[in-house]
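J.: Let me give you the structure first, and then I'll get to my questions.
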Amino acid sequence: MNCWPSFDGSIDGGDSRVYSQVEGTPVIAISSKSQSFGAIAKYLVAGRSGDESDRVAWTTSRNLPTADPELAGKIMRATAQLSDRVTRPVYHLALSFDPHDVVDRAAIERVADEVLHRLGLHDYQVVIVAHRDRAHAHAHLLVNRVHPETGRVWERSYDYRMIQQVLREQERALGLREVPGRLVQSPDSPPLERTAGTTREALHRPELLTPVEELRRDLGAYEQVVALDRARLEAETAAQVARVRADELSVAVAQAERAAASFDRALAQVYRDPERARMAFLHIAREAGIRQAAHGLAMEPEHFGVLLTVERSRLGGLLTAQDATKARVAARAAAERGWDAFEAEQALWRLVADARVRRLEDAFARELAMAYHHPDEALVRFGQWTAEHGVEYAASILRERPESLGTLGTTGGGRDDTTARAHARLAADLAMGVEQARREIGGRDATTSPAAELDAAKAEVERAQTHVGAVRAEAQAHPRRHDIERRIARAVPRLAPGELQHLHTVLTAPQLALMQQLKAAMREVLLDREQGREQ
């Protein structure tokens, strides 16, 4: 089962992007908030074309008087007006189940409710829309971030990782195929590093093993190859996300620079000292609002500096006068350019602050993964302490008593946790950095400049690409997935009844399910080939 908090980027009003999805497999997803309830509700009902009326399997709602998505969207939009500080009140979430999992409505609603509860959204307005237009079961959650009674705005904090934790728990509870995330590993699977030495040659090397032992070995190798495939996909996804973020910043920086240059050229047609006029304009825009600054520049430009004048003669040349008419006319165009430049600058600073939050959150998660055996559990505890006592308290516990969050990683035969504690201290510093970055969103008091954040984004792209290369190299050192599948599918029918009974005692439940799936899949392939020969 996979989950990605996002929706199709073609919908107006949001900046989430899902570039592709194939039978429940996320190729790339970027979590974000949005503005338009109506646009997303319409998409959930009728699709991008607007006429996909048969795609909805069922709908339901939470804390709303209706389950109709479009009517609920109107109610949520009215509720969102309780808060005058939220510009993107929509939170959209898609839950997708593996094509091989047979799930009913009750199971989907159970997973959805557990996700909402863990995120603290159980009291908020939600519409759940299940679709039947794909081979896999999936449902969308359209959430209003504004509480219907208190008007409190729900803030997304480490939502993706929290969701992944819930999904892993629900997979085990419902008996579904487990899909370990980047920080979550199936408890029944051996650690990846313990079998990293398995090579393609080892698959074919003759050994004095019983058929059951060979099959058990092959199933273990197959689990590791599958885990590596997932790790490769996640690494490639992370690299693509990093590239998208870097491209966004690069475009925003270029737009802000072009708008500022255009404004400067316009001011040069109005003032003797255009730089001083620009500073005065921006000061008023930040203190009193861009509308007042633009109106003042257009109607009373002399308040921003000394105007350029043209000397004109009077009384047949006996007298001269300084005429500022041309400068006053140019001031109206400069006011428009100033409005554009200010909005571009504000958009850039918001993007810089948001990018910094995401970058620090990712770094925080990486440090937790280096510090703990089960980083997602540590993340859940950290989130609980943050909600109950504040981030400063949670960070102090992480820094001074990291063992309170979970089992630390050790070296030197399981005795030395010095390295893990160092990573925990770094994670504590990053947690405070995340909190500081969140406070900077919407303002210009950021500690990171656009240029510095763009450099950091490009460095993250390089780091992600390096990680992709390392995962691919590790995958190449393992047996080919197809080879292992064929060995398992051929080995199972050859087992004697006693060997089959013994096999059920030594294999884990996921391994037994995997064996049956591979056996059925290979039977279908062989049957298709036989039919092709007969034709």
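Residue numbers start at 1 in each chain; chains themselves are named A, B, ... in the order of the structure tokens; ligands are numbered from 1 in the order shown.
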For the structure I just gave you, how does DSSP split stretch 244-358 of chain A - specifically, which residues are strand (DSSP E or B)? Reply as a PyMOL selection string.

T.: chain A and resi 271+307+310-314+319-323

J.: Please provide as a PDB file with C-alpha atoms, in the first residue's frame all residues within 10 Å of A:Ser404, with the sequence filter that same-chain residues fewer than 3 positions apart are discarded (counting only C-alpha atoms).

T.:
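Listing of part_12.pdb after writing:
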```pdb
ATOM      1  CA  ALA A 378      11.545   8.048  17.070  1.00  0.00           C
ATOM      2  CA  ARG A 381       7.613  10.203  19.710  1.00  0.00           C
ATOM      3  CA  PHE A 382       9.312  13.461  18.764  1.00  0.00           C
ATOM      4  CA  ILE A 397      15.242  15.568  24.997  1.00  0.00           C
ATOM      5  CA  LEU A 398      16.594  14.508  21.610  1.00  0.00           C
ATOM      6  CA  GLU A 400      20.401  15.274  25.964  1.00  0.00           C
ATOM      7  CA  ARG A 401      18.526  11.949  26.334  1.00  0.00           C
ATOM      8  CA  THR A 407      16.950   2.255  20.477  1.00  0.00           C
ATOM      9  CA  LEU A 408      20.107   3.980  19.312  1.00  0.00           C
TER      10      LEU A 408
END
```

J.: For stretch 423-425 of chain A, find every residue with an atom within 7 Å (counting only C-alpha atoms), except residues of its own chain fewer than 6 positions away, and show them as an MDAnalysis selection string.

T.: chainID A and resid 367:368 370:371 398:399 402

J.: Kindly export the residues of the current selection with N, CA and C atoms, as a PDB file, in the first residue's frame.

T.:
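Writing the result to again12.pdb gives the following:
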```pdb
ATOM      1  N   GLU A 367      19.147  12.405   9.645  1.00  0.00           N
ATOM      2  CA  GLU A 367      19.916  12.276  10.884  1.00  0.00           C
ATOM      3  C   GLU A 367      19.251  11.289  11.841  1.00  0.00           C
ATOM      4  N   LEU A 368      17.911  11.298  11.900  1.00  0.00           N
ATOM      5  CA  LEU A 368      17.218  10.309  12.728  1.00  0.00           C
ATOM      6  C   LEU A 368      17.495   8.891  12.230  1.00  0.00           C
ATOM      7  N   MET A 370      20.142   7.869  10.863  1.00  0.00           N
ATOM      8  CA  MET A 370      21.503   7.518  11.241  1.00  0.00           C
ATOM      9  C   MET A 370      21.623   7.265  12.739  1.00  0.00           C
ATOM     10  N   ALA A 371      20.671   7.776  13.509  1.00  0.00           N
ATOM     11  CA  ALA A 371      20.771   7.673  14.972  1.00  0.00           C
ATOM     12  C   ALA A 371      20.028   6.472  15.541  1.00  0.00           C
ATOM     13  N   LEU A 398      15.852  15.159  22.690  1.00  0.00           N
ATOM     14  CA  LEU A 398      16.594  14.508  21.610  1.00  0.00           C
ATOM     15  C   LEU A 398      18.088  14.756  21.747  1.00  0.00           C
ATOM     16  N   ARG A 399      18.453  15.930  22.211  1.00  0.00           N
ATOM     17  CA  ARG A 399      19.877  16.282  22.331  1.00  0.00           C
ATOM     18  C   ARG A 399      20.515  15.653  23.576  1.00  0.00           C
ATOM     19  N   PRO A 402      18.701  11.085  24.063  1.00  0.00           N
ATOM     20  CA  PRO A 402      18.147  10.526  22.819  1.00  0.00           C
ATOM     21  C   PRO A 402      17.597   9.119  22.976  1.00  0.00           C
TER      22      PRO A 402
END
```

J.: Atom CA of A:Ala227 to atom CA of A:Val244: how many Å, to one decimal?

T.: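 Computing the Euclidean distance for atom CA of A:Ala227 and atom CA of A:Val244 yields 25.5 Å.
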
J.: DSSP on the backbone, then: every residue of stretch 235-406 of chain A marked helix (DSSP H, G or I), written as a PyMOL selection string.

T.: chain A and resi 235-268+274-288+290-299+301-304+315-317+325-371+375-389+391-400+402-405

J.: Which residues are near A:Ile484? Cut-off 9 Å, only C-alpha atoms, ignore same chain within fewer than 6 positions. Put them as a ChimeraX atom specification.

T.: /A:203,218-219,221-222

J.: Can those selected residues be exported to a file as a PDB file, in the first residue's frame so that it contains N, CA, C and O atoms?

T.:
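Contents of the output file again36.pdb:
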```pdb
ATOM      1  N   LEU A 203      23.780 -17.087  -6.796  1.00  0.00           N
ATOM      2  CA  LEU A 203      22.494 -17.677  -7.133  1.00  0.00           C
ATOM      3  C   LEU A 203      22.666 -19.025  -7.825  1.00  0.00           C
ATOM      4  O   LEU A 203      21.867 -19.938  -7.658  1.00  0.00           O
ATOM      5  N   ASP A 218      16.505 -18.594  -1.583  1.00  0.00           N
ATOM      6  CA  ASP A 218      16.067 -17.809  -2.734  1.00  0.00           C
ATOM      7  C   ASP A 218      14.994 -16.785  -2.348  1.00  0.00           C
ATOM      8  O   ASP A 218      14.980 -15.659  -2.858  1.00  0.00           O
ATOM      9  N   LEU A 219      14.091 -17.162  -1.444  1.00  0.00           N
ATOM     10  CA  LEU A 219      13.075 -16.208  -1.003  1.00  0.00           C
ATOM     11  C   LEU A 219      13.707 -15.047  -0.244  1.00  0.00           C
ATOM     12  O   LEU A 219      13.294 -13.888  -0.391  1.00  0.00           O
ATOM     13  N   ALA A 221      16.763 -13.953  -0.711  1.00  0.00           N
ATOM     14  CA  ALA A 221      17.435 -13.129  -1.718  1.00  0.00           C
ATOM     15  C   ALA A 221      16.425 -12.290  -2.489  1.00  0.00           C
ATOM     16  O   ALA A 221      16.683 -11.116  -2.815  1.00  0.00           O
ATOM     17  N   TYR A 222      15.266 -12.886  -2.785  1.00  0.00           N
ATOM     18  CA  TYR A 222      14.247 -12.146  -3.540  1.00  0.00           C
ATOM     19  C   TYR A 222      13.730 -10.954  -2.741  1.00  0.00           C
ATOM     20  O   TYR A 222      13.513  -9.866  -3.283  1.00  0.00           O
TER      21      TYR A 222
END
```

J.: May I have the residues within 8 Å of A:Ala235 as a list in words, using only C-alpha atoms and disregarding those fewer than 6 positions away in the same chain?

T.: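 Skipping anything fewer than 6 positions along the chain leaves Ala464, His467, Val468 and Val471 of chain A.
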
J.: Kindly save the residues from that selection, with C-alpha atoms included, as a compact mmCIF listing (two decimals), in the first residue's frame.

T.:
```
# COMPACT_ATOMS: atom_id res chain seq x y z
CA ALA A 464 20.47 12.87 -4.24
CA HIS A 467 22.72 8.40 -3.60
CA VAL A 468 20.90 7.13 -6.70
CA VAL A 471 21.79 2.34 -4.77
```

J.: Between atom CA of A:Leu518 and atom CA of A:Glu169, what is the distance in Å, rounded to a tenth?

T.: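 Atom CA of A:Leu518 sits 24.6 Å away from atom CA of A:Glu169.
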
J.: What gap, in Å, lies between atom CA of A:Val102 and atom CA of A:Glu114?

T.: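 So the answer is 18.9 Å.
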
J.: Tell me, as a VMD selection string, which residues lie within 8 Å of stretch 107-112 of chain A, counting only C-alpha atoms; anything in the same chain fewer than 6 positions away does not count.

T.: chain A and resid 95 139 141 167 170 174

J.: When distances are computed from only C-alpha atoms, which of A:Arg156, A:Arg258, A:Arg337, A:His295 shows the smallest separation from A:Arg278?

T.: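 Distance minimum relative to A:Arg278 lands on A:Arg337.
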